[in-house]
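Student: Below is the file start_29.tsv, which contains TSV, C-alpha atoms.
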```
chain	number	residue	atom	x	y	z
A	28	MET	CA	3.09	13.70	34.14
A	29	SER	CA	0.32	12.31	36.35
A	30	HIS	CA	-0.19	8.70	37.39
A	31	SER	CA	-3.45	8.67	35.41
A	32	GLN	CA	-1.85	9.96	32.19
A	33	LEU	CA	0.92	7.38	32.40
A	34	LYS	CA	-1.59	4.58	33.03
A	35	HIS	CA	-3.59	5.55	29.91
A	36	LEU	CA	-0.41	5.71	27.84
A	37	GLU	CA	0.82	2.36	29.16
A	38	THR	CA	-2.52	0.72	28.29
A	39	VAL	CA	-2.61	2.17	24.75
A	40	ILE	CA	1.00	1.12	24.01
A	41	GLY	CA	0.24	-2.33	25.41
A	42	GLN	CA	-2.75	-2.73	23.08
A	43	MET	CA	-0.90	-1.33	20.06
A	44	THR	CA	2.13	-3.61	20.51
A	45	ARG	CA	0.00	-6.74	20.30
A	46	PHE	CA	-0.10	-5.91	16.57
A	47	ASP	CA	-3.42	-7.71	16.11
A	48	ARG	CA	-5.18	-4.68	14.56
A	49	PRO	CA	-4.19	-1.27	13.16
A	50	ALA	CA	-2.76	1.16	15.72
A	51	ASP	CA	-5.13	3.96	14.68
A	52	ALA	CA	-8.09	1.61	15.27
A	53	VAL	CA	-6.72	0.82	18.76
A	54	LEU	CA	-6.47	4.53	19.55
A	55	SER	CA	-9.94	5.39	18.20
A	56	ALA	CA	-11.56	2.58	20.21
A	57	TYR	CA	-9.69	3.61	23.37
A	58	PHE	CA	-10.76	7.25	23.06
A	59	ARG	CA	-14.38	6.21	22.46
A	60	GLU	CA	-14.23	4.06	25.61
A	61	HIS	CA	-12.61	6.89	27.61
A	62	ASN	CA	-14.63	9.77	26.21
A	63	LYS	CA	-14.02	12.00	29.23
A	64	LEU	CA	-10.33	12.43	28.36
A	65	GLY	CA	-9.54	16.05	27.51
A	66	SER	CA	-7.96	17.15	24.23
A	67	ALA	CA	-4.55	17.77	25.85
A	68	ASP	CA	-4.46	14.25	27.30
A	69	ARG	CA	-5.59	12.74	24.00
A	70	HIS	CA	-2.85	14.62	22.16
A	71	LEU	CA	-0.19	13.49	24.65
A	72	ILE	CA	-1.31	9.85	24.49
A	73	ALA	CA	-1.63	9.74	20.69
A	74	GLU	CA	1.66	11.52	19.93
A	75	THR	CA	3.68	9.53	22.49
A	76	ALA	CA	2.19	6.15	21.56
A	77	PHE	CA	2.79	6.67	17.84
A	78	GLY	CA	6.26	8.06	18.60
A	79	ALA	CA	7.00	4.86	20.52
A	80	LEU	CA	5.86	2.74	17.54
A	81	ARG	CA	8.01	4.76	15.14
A	82	ARG	CA	11.10	4.04	17.25
A	83	LEU	CA	10.13	0.72	18.80
A	84	ILE	CA	13.27	-1.10	17.62
A	85	GLN	CA	15.42	1.56	19.32
A	86	LEU	CA	13.30	1.55	22.47
A	87	ARG	CA	13.46	-2.23	22.80
A	88	ALA	CA	17.22	-2.13	22.27
A	89	LEU	CA	17.60	0.48	25.04
A	90	ILE	CA	15.44	-1.44	27.48
A	91	ALA	CA	16.42	-5.01	26.41
A	92	PRO	CA	13.71	-6.80	24.39
A	93	GLU	CA	12.71	-9.26	27.13
A	94	LYS	CA	12.15	-6.41	29.61
A	95	ALA	CA	10.37	-3.99	27.27
A	96	THR	CA	6.99	-3.92	29.01
A	97	PRO	CA	4.38	-1.36	27.86
A	98	ARG	CA	5.05	0.70	31.00
A	99	ARG	CA	8.79	0.81	30.39
A	100	LEU	CA	8.25	1.64	26.72
A	101	ALA	CA	5.97	4.52	27.79
A	102	LEU	CA	8.48	5.87	30.31
A	103	VAL	CA	11.48	5.75	27.98
A	104	ALA	CA	9.45	7.29	25.13
A	105	LEU	CA	8.44	10.17	27.42
A	106	MET	CA	12.04	10.70	28.45
A	107	LYS	CA	13.72	10.24	25.05
A	108	PHE	CA	11.18	11.74	22.63
A	109	ASN	CA	9.00	14.04	24.77
A	110	LYS	CA	12.19	15.28	26.47
A	111	LEU	CA	10.76	14.93	29.99
A	112	ASN	CA	13.44	14.64	32.65
A	113	VAL	CA	13.27	12.06	35.44
A	114	LYS	CA	12.15	14.72	37.95
A	115	GLU	CA	9.08	15.55	35.81
A	116	LEU	CA	8.04	11.89	36.04
A	117	THR	CA	8.24	11.81	39.87
A	118	GLU	CA	4.49	11.87	40.54
A	119	ALA	CA	3.81	8.92	38.23
A	120	THR	CA	6.77	6.67	39.07
A	121	SER	CA	8.37	4.79	41.95
A	122	ALA	CA	11.88	5.48	43.27
A	123	GLY	CA	13.05	2.22	41.67
A	124	GLU	CA	11.68	3.24	38.28
A	125	ARG	CA	13.38	6.62	38.47
A	126	GLU	CA	16.68	4.97	39.33
A	127	TRP	CA	16.25	2.60	36.36
A	128	LEU	CA	15.40	5.53	34.04
A	129	GLY	CA	18.64	7.22	35.11
A	130	THR	CA	20.61	4.18	33.87
A	131	VAL	CA	18.70	4.12	30.56
A	132	LYS	CA	19.30	7.84	30.00
A	133	GLY	CA	23.04	7.35	29.76
A	134	LYS	CA	22.88	4.20	27.64
A	135	THR	CA	24.14	4.26	24.04
A	136	LEU	CA	22.64	2.08	21.33
A	137	GLU	CA	24.64	-0.50	19.46
A	138	ASP	CA	25.52	0.59	15.93
A	139	SER	CA	23.39	-1.59	13.65
A	140	LEU	CA	21.54	-0.71	10.44
A	141	GLU	CA	18.31	-2.16	11.85
A	142	ILE	CA	18.47	0.28	14.78
A	143	ARG	CA	19.67	3.30	12.76
A	144	ALA	CA	17.02	2.82	10.05
A	145	GLU	CA	14.36	1.63	12.52
A	146	LEU	CA	13.39	-1.14	10.08
A	147	PRO	CA	13.13	-4.89	10.75
A	148	GLN	CA	15.88	-7.00	9.20
A	149	TRP	CA	13.46	-8.76	6.83
A	150	VAL	CA	12.41	-5.38	5.36
A	151	ILE	CA	16.03	-4.26	4.93
A	152	GLU	CA	16.83	-7.52	3.11
A	153	ARG	CA	13.92	-7.00	0.69
A	154	LEU	CA	14.54	-3.35	-0.17
A	155	GLY	CA	16.77	-4.38	-3.04
A	156	GLU	CA	20.34	-3.46	-3.87
A	157	GLN	CA	20.51	-0.30	-1.78
A	158	THR	CA	23.58	0.87	0.12
A	159	PRO	CA	23.40	0.97	3.95
A	160	GLU	CA	23.45	4.78	3.68
A	161	ALA	CA	20.40	4.73	1.35
A	162	VAL	CA	18.54	2.35	3.65
A	163	GLU	CA	19.31	4.54	6.67
A	164	ALA	CA	18.17	7.71	4.86
A	165	LEU	CA	14.92	5.99	3.84
A	166	GLY	CA	14.36	4.71	7.39
A	167	GLN	CA	14.95	8.17	8.85
A	168	GLY	CA	12.43	9.61	6.37
A	169	LEU	CA	9.86	6.99	7.37
A	170	MET	CA	10.27	8.00	11.03
A	171	SER	CA	9.39	11.64	10.31
A	172	MET	CA	5.90	13.11	10.72
A	173	ALA	CA	3.85	13.23	7.52
A	174	PRO	CA	2.53	16.67	6.49
A	175	LEU	CA	-1.18	17.28	5.94
A	176	ASP	CA	-1.92	17.67	2.22
A	177	LEU	CA	-5.15	18.73	0.54
A	178	ARG	CA	-6.33	18.32	-3.04
A	179	VAL	CA	-8.44	21.07	-4.56
A	180	ASN	CA	-11.63	19.94	-6.30
A	181	THR	CA	-11.19	21.68	-9.64
A	182	LEU	CA	-14.91	21.35	-10.38
A	183	LYS	CA	-15.54	23.88	-7.62
A	184	MET	CA	-12.44	26.03	-7.18
A	185	LYS	CA	-8.95	26.84	-8.49
A	186	ARG	CA	-5.93	26.07	-6.33
A	187	GLU	CA	-4.86	29.73	-6.02
A	188	GLU	CA	-8.33	30.69	-4.84
A	189	LEU	CA	-8.34	27.92	-2.22
A	190	LEU	CA	-4.85	28.94	-1.02
A	191	ASP	CA	-6.04	32.53	-0.57
A	192	ARG	CA	-9.20	31.48	1.27
A	193	LEU	CA	-7.38	29.12	3.67
A	194	ASN	CA	-4.62	31.63	4.43
A	195	ALA	CA	-7.28	34.30	5.04
A	196	ASP	CA	-8.89	31.93	7.55
A	197	GLY	CA	-5.59	31.68	9.43
A	198	ILE	CA	-4.73	28.23	8.04
A	199	ALA	CA	-1.11	28.61	6.94
A	200	CYS	CA	-0.48	26.68	3.72
A	201	GLU	CA	1.41	26.61	0.43
A	202	ALA	CA	1.24	24.89	-2.95
A	203	THR	CA	2.74	21.38	-3.16
A	204	PRO	CA	5.87	21.15	-5.33
A	205	TYR	CA	4.77	18.35	-7.70
A	206	SER	CA	0.98	18.06	-7.81
A	207	PRO	CA	-0.74	21.02	-9.52
A	208	LEU	CA	-3.80	20.24	-7.38
A	209	GLY	CA	-2.09	20.02	-3.98
A	210	ILE	CA	-1.89	22.29	-0.95
A	211	ARG	CA	0.36	21.53	2.03
A	212	LEU	CA	-0.66	22.80	5.46
A	213	LYS	CA	1.93	24.06	7.96
A	214	ASP	CA	-0.02	22.56	10.90
A	215	LYS	CA	-2.77	19.97	11.31
A	216	PRO	CA	-6.00	21.82	12.04
A	217	ALA	CA	-9.36	20.05	12.24
A	218	LEU	CA	-10.94	20.59	8.84
A	219	SER	CA	-14.12	18.50	8.85
A	220	LYS	CA	-16.26	21.46	9.95
A	221	HIS	CA	-14.67	23.99	7.57
A	222	GLU	CA	-17.28	25.43	5.20
A	223	LEU	CA	-15.13	24.75	2.13
A	224	PHE	CA	-14.64	21.11	3.13
A	225	LYS	CA	-18.38	20.66	3.65
A	226	ALA	CA	-18.95	22.31	0.26
A	227	GLY	CA	-16.61	19.79	-1.40
A	228	ALA	CA	-13.96	22.33	-2.44
A	229	PHE	CA	-11.13	20.11	-1.17
A	230	GLU	CA	-10.28	16.64	0.12
A	231	VAL	CA	-7.46	15.48	2.37
A	232	GLN	CA	-5.04	13.51	0.17
A	233	ASP	CA	-1.27	12.94	0.28
A	234	GLU	CA	0.56	14.56	-2.63
A	235	GLY	CA	1.92	11.17	-3.70
A	236	SER	CA	-1.60	9.76	-3.94
A	237	GLN	CA	-2.61	12.78	-6.04
A	238	LEU	CA	0.22	12.02	-8.47
A	239	LEU	CA	-1.07	8.44	-8.96
A	240	GLY	CA	-4.42	9.82	-10.06
A	241	LEU	CA	-2.88	12.44	-12.33
A	242	ILE	CA	-0.61	9.84	-13.96
A	243	THR	CA	-3.70	7.82	-14.90
A	244	GLY	CA	-4.47	10.73	-17.23
A	245	ALA	CA	-8.27	10.42	-17.33
A	246	ARG	CA	-9.96	12.66	-19.92
A	247	ARG	CA	-13.42	14.01	-20.67
A	248	GLY	CA	-15.86	11.49	-22.12
A	249	GLU	CA	-13.69	8.40	-21.49
A	250	MET	CA	-14.58	5.16	-19.75
A	251	VAL	CA	-12.30	4.84	-16.72
A	252	VAL	CA	-12.11	2.17	-14.00
A	253	ASP	CA	-10.64	2.60	-10.52
A	254	PHE	CA	-10.23	-1.12	-9.89
A	255	CYS	CA	-9.41	-1.00	-6.15
A	256	ALA	CA	-11.21	2.22	-5.24
A	257	GLY	CA	-11.19	1.89	-1.44
A	258	ALA	CA	-12.63	5.03	0.15
A	259	GLY	CA	-12.40	6.80	-3.21
A	260	GLY	CA	-9.77	9.53	-2.89
A	261	LYS	CA	-8.26	8.81	-6.30
A	262	THR	CA	-11.71	8.13	-7.80
A	263	LEU	CA	-12.72	11.71	-6.97
A	264	LEU	CA	-9.56	13.05	-8.61
A	265	LEU	CA	-10.21	10.99	-11.76
A	266	GLY	CA	-13.81	12.25	-11.90
A	267	ALA	CA	-12.65	15.86	-11.70
A	268	GLN	CA	-10.04	15.20	-14.43
A	269	MET	CA	-12.96	13.96	-16.56
A	270	SER	CA	-15.00	17.10	-15.74
A	271	SER	CA	-17.73	14.75	-14.48
A	272	SER	CA	-18.29	13.43	-18.03
A	273	GLY	CA	-17.94	9.91	-19.45
A	274	ARG	CA	-18.27	6.90	-17.14
A	275	LEU	CA	-16.11	6.27	-14.08
A	276	TYR	CA	-16.44	2.94	-12.29
A	277	ALA	CA	-15.30	2.59	-8.68
A	278	PHE	CA	-14.77	-1.12	-7.94
A	279	ASP	CA	-14.02	-2.55	-4.51
A	280	VAL	CA	-14.55	-5.79	-2.59
A	281	SER	CA	-15.39	-3.94	0.66
A	282	GLU	CA	-18.96	-2.78	1.17
A	283	LYS	CA	-17.82	-0.63	4.11
A	284	ARG	CA	-15.22	1.25	2.05
A	285	LEU	CA	-17.73	1.95	-0.71
A	286	ALA	CA	-20.26	3.15	1.90
A	287	ASN	CA	-17.64	5.56	3.26
A	288	PHE	CA	-17.18	6.85	-0.29
A	289	LYS	CA	-20.83	7.93	-0.68
A	290	PRO	CA	-20.69	11.16	1.39
A	291	ARG	CA	-17.40	12.12	-0.29
A	292	GLN	CA	-18.96	11.61	-3.72
A	293	ALA	CA	-21.98	13.69	-2.68
A	294	ARG	CA	-19.75	16.59	-1.53
A	295	SER	CA	-17.65	16.44	-4.70
A	296	GLY	CA	-20.53	17.21	-7.07
A	297	LEU	CA	-19.50	14.36	-9.42
A	298	SER	CA	-22.30	12.73	-11.41
A	299	ASN	CA	-20.28	10.28	-13.54
A	300	VAL	CA	-19.17	7.85	-10.81
A	301	HIS	CA	-20.66	4.34	-10.59
A	302	PRO	CA	-19.57	2.49	-7.42
A	303	GLN	CA	-19.67	-1.31	-7.83
A	304	LEU	CA	-19.21	-3.93	-5.10
A	305	LEU	CA	-17.22	-6.94	-6.33
A	306	ALA	CA	-17.15	-10.41	-4.81
A	307	HIS	CA	-13.56	-10.86	-6.08
A	308	GLU	CA	-11.30	-9.66	-8.90
A	309	ASN	CA	-12.92	-12.06	-11.40
A	310	ASP	CA	-16.51	-10.99	-10.66
A	311	SER	CA	-18.93	-11.08	-13.62
A	312	LYS	CA	-19.24	-7.26	-13.33
A	313	VAL	CA	-15.59	-7.09	-14.42
A	314	LYS	CA	-16.14	-9.39	-17.41
A	315	ARG	CA	-18.96	-7.19	-18.74
A	316	LEU	CA	-16.50	-4.32	-19.29
A	317	ALA	CA	-13.84	-6.43	-21.04
A	318	GLY	CA	-11.96	-4.43	-23.68
A	319	LYS	CA	-14.02	-1.26	-23.15
A	320	ALA	CA	-11.99	0.93	-20.75
A	321	ASP	CA	-9.72	3.77	-21.87
A	322	ARG	CA	-7.90	3.78	-18.52
A	323	VAL	CA	-7.77	1.35	-15.62
A	324	LEU	CA	-6.09	2.27	-12.33
A	325	VAL	CA	-5.02	-0.60	-10.06
A	326	ASP	CA	-3.97	0.76	-6.67
A	327	ALA	CA	-3.30	-2.77	-5.46
A	328	PRO	CA	-3.59	-4.13	-1.91
A	329	CYS	CA	-0.06	-4.11	-0.54
A	330	SER	CA	2.09	-4.18	2.59
A	331	GLY	CA	1.66	-0.41	3.01
A	332	LEU	CA	5.31	-0.01	4.02
A	333	GLY	CA	5.45	3.31	2.16
A	334	THR	CA	2.99	4.74	4.72
A	335	LEU	CA	5.08	4.08	7.85
A	336	ARG	CA	5.09	7.80	8.72
A	337	ARG	CA	1.34	7.44	9.33
A	338	ASN	CA	1.13	3.71	10.13
A	339	PRO	CA	4.36	2.78	11.93
A	340	ASP	CA	2.83	-0.48	13.22
A	341	LEU	CA	2.77	-1.97	9.70
A	342	LYS	CA	6.46	-2.89	9.81
A	343	PHE	CA	5.61	-5.22	12.72
A	344	ARG	CA	2.20	-6.39	11.45
A	345	GLN	CA	3.56	-7.45	8.06
A	346	SER	CA	5.97	-10.34	7.47
A	347	PRO	CA	7.70	-12.17	4.61
A	348	ASP	CA	4.77	-14.61	4.53
A	349	SER	CA	2.13	-11.87	4.35
A	350	VAL	CA	4.06	-10.14	1.54
A	351	ALA	CA	4.23	-13.44	-0.40
A	352	GLU	CA	0.42	-13.76	-0.06
A	353	LEU	CA	0.01	-10.19	-1.27
A	354	ASN	CA	2.24	-10.88	-4.28
A	355	ALA	CA	-0.12	-13.63	-5.47
A	356	LYS	CA	-3.12	-11.32	-5.00
A	357	GLN	CA	-1.39	-8.41	-6.79
A	358	ALA	CA	-0.55	-10.56	-9.81
A	359	SER	CA	-4.10	-11.90	-9.99
A	360	ILE	CA	-5.72	-8.45	-9.68
A	361	LEU	CA	-3.44	-6.91	-12.32
A	362	ALA	CA	-4.17	-9.76	-14.76
A	363	SER	CA	-7.92	-9.44	-14.20
A	364	ALA	CA	-7.92	-5.63	-14.51
A	365	SER	CA	-5.91	-5.82	-17.74
A	366	ARG	CA	-8.85	-7.53	-19.49
A	367	LEU	CA	-10.85	-4.29	-19.23
A	368	VAL	CA	-8.33	-2.21	-21.21
A	369	LYS	CA	-9.22	-1.44	-24.83
A	370	SER	CA	-6.68	-1.35	-27.68
A	371	GLY	CA	-4.46	1.69	-27.16
A	372	GLY	CA	-5.77	2.08	-23.59
A	373	ARG	CA	-3.67	2.36	-20.46
A	374	LEU	CA	-3.33	0.22	-17.34
A	375	VAL	CA	-1.76	1.92	-14.31
A	376	TYR	CA	-0.37	-0.29	-11.53
A	377	ALA	CA	0.41	1.34	-8.18
A	378	THR	CA	1.20	0.43	-4.58
A	379	CYS	CA	2.14	2.30	-1.41
A	380	SER	CA	4.95	-0.19	-0.87
A	381	LEU	CA	8.72	0.22	-1.13
A	382	LEU	CA	9.47	-3.45	-1.81
A	383	PRO	CA	10.54	-4.46	-5.35
A	384	GLN	CA	8.69	-7.78	-4.86
A	385	GLU	CA	5.39	-5.86	-4.81
A	386	ASN	CA	6.38	-3.40	-7.50
A	387	GLN	CA	8.84	-3.98	-10.35
A	388	ALA	CA	8.66	-7.78	-9.97
A	389	ILE	CA	4.87	-7.80	-10.40
A	390	VAL	CA	5.04	-5.54	-13.47
A	391	GLU	CA	7.89	-7.50	-15.09
A	392	ALA	CA	6.08	-10.83	-14.55
A	393	PHE	CA	2.88	-9.36	-16.03
A	394	LEU	CA	4.68	-8.03	-19.12
A	395	ALA	CA	6.37	-11.42	-19.64
A	396	GLU	CA	2.93	-13.05	-19.82
A	397	HIS	CA	1.08	-10.30	-21.73
A	398	ALA	CA	2.86	-9.52	-25.00
A	399	ASP	CA	0.08	-7.11	-25.99
A	400	PHE	CA	1.14	-4.64	-23.27
A	401	ARG	CA	4.23	-2.43	-23.19
A	402	LEU	CA	5.75	-0.28	-20.47
A	403	VAL	CA	5.37	3.47	-21.03
A	404	LYS	CA	8.36	5.32	-19.58
A	405	MET	CA	7.28	7.33	-16.55
A	406	ASP	CA	9.23	10.40	-17.66
A	407	GLU	CA	7.04	10.49	-20.78
A	408	VAL	CA	3.84	10.29	-18.69
A	409	LEU	CA	5.00	12.94	-16.20
A	410	ALA	CA	5.83	15.28	-19.08
A	411	GLU	CA	2.31	14.73	-20.50
A	412	GLN	CA	0.83	15.82	-17.16
A	413	LYS	CA	3.35	18.68	-16.70
A	414	ILE	CA	4.55	17.22	-13.39
A	415	PRO	CA	8.09	18.50	-12.63
A	416	LEU	CA	9.70	15.14	-11.81
A	417	GLN	CA	12.10	12.80	-13.60
A	418	CYS	CA	12.02	9.14	-12.57
A	419	GLY	CA	13.01	6.90	-15.51
A	420	ASP	CA	10.75	3.91	-16.19
A	421	TYR	CA	8.71	3.99	-12.97
A	422	LEU	CA	7.49	6.52	-10.43
A	423	GLU	CA	9.17	5.76	-7.10
A	424	LEU	CA	8.31	8.32	-4.43
A	425	LYS	CA	10.13	8.28	-1.07
A	426	PRO	CA	9.49	10.37	2.05
A	427	HIS	CA	13.08	11.57	2.51
A	428	LEU	CA	13.38	12.64	-1.13
A	429	HIS	CA	9.88	13.87	-2.03
A	430	ASN	CA	8.16	14.46	1.35
A	431	THR	CA	5.31	12.18	0.26
A	432	ASP	CA	4.34	8.69	1.35
A	433	GLY	CA	6.30	5.94	-0.41
A	434	PHE	CA	4.59	5.09	-3.72
A	435	PHE	CA	5.37	3.03	-6.80
A	436	THR	CA	3.59	3.43	-10.15
A	437	ALA	CA	3.98	1.87	-13.59
A	438	VAL	CA	2.03	2.75	-16.75
A	439	LEU	CA	1.31	-0.04	-19.24
A	440	GLU	CA	-0.28	0.49	-22.66
A	441	ARG	CA	-2.20	-2.09	-24.68
A	442	SER	CA	-1.07	-2.29	-28.30
A	443	GLN	CA	-3.44	-1.15	-31.04
A	444	ALA	CA	-5.41	-4.06	-32.54
```
Transcribe the structure of this file into structure tokens.
Tutor:
Amino acid sequence: MSHSQLKHLETVIGQMTRFDRPADAVLSAYFREHNKLGSADRHLIAETAFGALRRLIQLRALIAPEKATPRRLALVALMKFNKLNVKELTEATSAGEREWLGTVKGKTLEDSLEIRAELPQWVIERLGEQTPEAVEALGQGLMSMAPLDLRVNTLKMKREELLDRLNADGIACEATPYSPLGIRLKDKPALSKHELFKAGAFEVQDEGSQLLGLITGARRGEMVVDFCAGAGGKTLLLGAQMSSSGRLYAFDVSEKRLANFKPRQARSGLSNVHPQLLAHENDSKVKRLAGKADRVLVDAPCSGLGTLRRNPDLKFRQSPDSVAELNAKQASILASASRLVKSGGRLVYATCSLLPQENQAIVEAFLAEHADFRLVKMDEVLAEQKIPLQCGDYLELKPHLHNTDGFFTAVLERSQA
């Protein structure tokens, strides 16, 4: 470990732990600014910095919160998680630092659920009536590394064919256990230059996200709305389900996200997608489609706590107040989106959150105010789509149980007029 490597790592951890912007944005900006860094250094910095975020509660407890400077966080992360011994850090550290590291090495952590689960107390309190063992298992799952999943574009290729092609190219992979469209890679190769990616044969998409799209159940010739389309991963899946027929609207309030969707749409070969920029959830463009949609997917803005494997900073960037703000937005978006659903049509509400306040509570409040909608049991929907899962009323995916990001989904059906 060189002095220069440690300095870069210290700076990145320092910027990330301000929690004023997403950690991946911090890293991207830093690497653009320091574009002479080699791939090995970039890998070391990225993996160690994200590892430190994943276990920041433990690191701070080892160091003592008031003394947990970015440099100390970097050093203890290198020792604890990268398994470097104190001698290997000699070039980059002072004698005093090495002596201090020796004391930290032998230190044991206090036995608290917050430390074992690596989750802030406010998150633990809001996870619902779970046992400490369940909370710890969930927290451990959220600390693991997420796999790299792909979704085959069925307009261009079958999954078995894509599996064969990737394996033949030396990209070790296998079929995902739940999504009939998914492929899980053993490693994380760069795929953006692969000929099949450029040809639109696959997209990178977590298996859990694929299941949300499949549960929506879009069919040929229907009118379908992806109400919070974002960068369009689920939109592309819905379009393929529809065999590029019917009309598929991709709504979003972010011009940038919709712009990022354009090249993905072009690669996919879909011709039935109509991206629409909204000013807000009650935009006049929404009102024009009232009562016309067969299916409406609402992948609502949320805390993102189900994605902590990829975005470990979110547990520090979110708060009880920010979740309360999101709850008001979620309720408003769901109510607005419901107006688009025709008699007998379906409304699918989803988040990548693990908190009941963003999930069951929003659905239950909606149903209490909208007597013309009923909950469709998730087991019934999964059976329709031939997805080998049993979940009861709702889909609740968790990393330690399903090896996906944490997702919640409910399917609501409007009664026949």
Student: Find the residues around Arg87 of chain A up to 12 Å (only C-alpha atoms counted), leave out those fewer than 6 positions away in its own chain, and share them as a PyMOL selection string.
Tutor: chain A and resi 44+79-81+93-97+99-101+103-104+131+136-137+141-142+145
Student: Could you save those same residues with C-alpha atoms as a PDB file, in the coordinates of the input?
Tutor:
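Contents of out-v7.pdb, as written:
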```
ATOM      1  CA  THR A  44       2.130  -3.610  20.510  1.00  0.00           C
ATOM      2  CA  ALA A  79       7.000   4.860  20.520  1.00  0.00           C
ATOM      3  CA  LEU A  80       5.860   2.740  17.540  1.00  0.00           C
ATOM      4  CA  ARG A  81       8.010   4.760  15.140  1.00  0.00           C
ATOM      5  CA  GLU A  93      12.710  -9.260  27.130  1.00  0.00           C
ATOM      6  CA  LYS A  94      12.150  -6.410  29.610  1.00  0.00           C
ATOM      7  CA  ALA A  95      10.370  -3.990  27.270  1.00  0.00           C
ATOM      8  CA  THR A  96       6.990  -3.920  29.010  1.00  0.00           C
ATOM      9  CA  PRO A  97       4.380  -1.360  27.860  1.00  0.00           C
ATOM     10  CA  ARG A  99       8.790   0.810  30.390  1.00  0.00           C
ATOM     11  CA  LEU A 100       8.250   1.640  26.720  1.00  0.00           C
ATOM     12  CA  ALA A 101       5.970   4.520  27.790  1.00  0.00           C
ATOM     13  CA  VAL A 103      11.480   5.750  27.980  1.00  0.00           C
ATOM     14  CA  ALA A 104       9.450   7.290  25.130  1.00  0.00           C
ATOM     15  CA  VAL A 131      18.700   4.120  30.560  1.00  0.00           C
ATOM     16  CA  LEU A 136      22.640   2.080  21.330  1.00  0.00           C
ATOM     17  CA  GLU A 137      24.640  -0.500  19.460  1.00  0.00           C
ATOM     18  CA  GLU A 141      18.310  -2.160  11.850  1.00  0.00           C
ATOM     19  CA  ILE A 142      18.470   0.280  14.780  1.00  0.00           C
ATOM     20  CA  GLU A 145      14.360   1.630  12.520  1.00  0.00           C
TER      21      GLU A 145
END
```
Student: Between A:Gly197, A:Gly235, A:Pro347, A:Gly333, which one has atoms that come closest to Gly209 of chain A, using only C-alpha atoms?
Tutor: A:Gly235
Student: Have a look at A:Leu165, A:Leu263, A:Leu335, A:Leu367 and name the one nearest to Ser311 of chain A; count all atoms listed in the file.
Tutor: A:Leu367
Student: Could you jot down the atom CA of Leu304 of chain A to atom CA of Ser270 of chain A separation for me, Å, one decimal place?
Tutor: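 Computed distance, atom CA of Leu304 of chain A to atom CA of Ser270 of chain A, equals 23.9 Å.
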Student: Calculate how many Å separate atom CA of Arg322 of chain A from atom CA of Gln443 of chain A, rounding to one decimal.
Tutor: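 The value is 14.2 Å.
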Student: Just how far from atom CA of Asn430 of chain A is atom CA of Asp348 of chain A, in Å to one decimal?
Tutor: 29.4 Å
Student: Restricting the calculation to only C-alpha atoms, which member of A:Ala355, A:Leu33, A:Ala245, A:Leu402 is positioned closest to Leu324 of chain A?
Tutor: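 Closest residue, counting only C-alpha atoms: A:Ala245.
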Student: Within 9 Å of segment 403-418 of chain A, which residues of segment 234-258 of chain A come that close, and what is the closest atom pair and distance in Å for each? Count all atoms listed in the file and give it as a tab-separated table.
Tutor:
```
residue	atom	partner	partner_atom	distance
A:Leu238	CA	A:Ile414	CA	8.4
A:Leu241	CA	A:Gln412	CA	7.0
A:Ile242	CA	A:Val408	CA	6.5
A:Thr243	CA	A:Val408	CA	8.8
A:Gly244	CA	A:Gln412	CA	7.3
```
Student: Which residue, A:Leu381, A:Leu297, A:Leu116, A:Val251, has the smallest gap to Gly155 of chain A when you use only C-alpha atoms?
Tutor: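 Of A:Leu381, A:Leu297, A:Leu116, A:Val251, the one nearest Gly155 of chain A, counting only C-alpha atoms, is A:Leu381.
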Student: Excluding Leu223 of chain A and any residue of its chain fewer than 4 positions from it, enumerate the residues within 12 Å of it, using all atoms listed in the file, and give them as a short mmCIF file (atom, residue, chain, number, x, y, z; two decimals) with C-alpha atoms, keeping the file's coordinate frame.
Tutor:
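New file part-v5.cif:
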```cif
data_model
loop_
_atom_site.label_atom_id
_atom_site.label_comp_id
_atom_site.auth_asym_id
_atom_site.auth_seq_id
_atom_site.Cartn_x
_atom_site.Cartn_y
_atom_site.Cartn_z
CA LEU A 177 -5.15 18.73 0.54
CA VAL A 179 -8.44 21.07 -4.56
CA ASN A 180 -11.63 19.94 -6.30
CA LYS A 183 -15.54 23.88 -7.62
CA MET A 184 -12.44 26.03 -7.18
CA GLU A 188 -8.33 30.69 -4.84
CA LEU A 189 -8.34 27.92 -2.22
CA LEU A 190 -4.85 28.94 -1.02
CA ARG A 192 -9.20 31.48 1.27
CA LEU A 193 -7.38 29.12 3.67
CA ASP A 196 -8.89 31.93 7.55
CA LEU A 218 -10.94 20.59 8.84
CA SER A 219 -14.12 18.50 8.85
CA GLY A 227 -16.61 19.79 -1.40
CA ALA A 228 -13.96 22.33 -2.44
CA PHE A 229 -11.13 20.11 -1.17
CA GLU A 230 -10.28 16.64 0.12
CA ARG A 294 -19.75 16.59 -1.53
CA SER A 295 -17.65 16.44 -4.70
#
```
Student: Out of A:Ile389, A:Leu175, A:Leu182, A:Val113, which residue has the shortest atom-to-atom distance to Leu212 of chain A when counting all atoms listed in the file?
Tutor: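 For Leu212 of chain A, the nearest of the candidates is A:Leu175.
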Student: Counting only C-alpha atoms, what is within 9 Å of Ser298 of chain A, bar same-chain residues fewer than 5 positions away, as a list in words?
Tutor: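 Listing them by chain and then by number gives Gly266, Ser271, Ser272, Gln292 and Ala293 of chain A.
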Student: Write the residues of the preceding selection, restricted to C-alpha atoms, as a PDB file, in the frame of the given file.
Tutor:
```pdb
ATOM      1  CA  GLY A 266     -13.810  12.250 -11.900  1.00  0.00           C
ATOM      2  CA  SER A 271     -17.730  14.750 -14.480  1.00  0.00           C
ATOM      3  CA  SER A 272     -18.290  13.430 -18.030  1.00  0.00           C
ATOM      4  CA  GLN A 292     -18.960  11.610  -3.720  1.00  0.00           C
ATOM      5  CA  ALA A 293     -21.980  13.690  -2.680  1.00  0.00           C
TER       6      ALA A 293
END
```
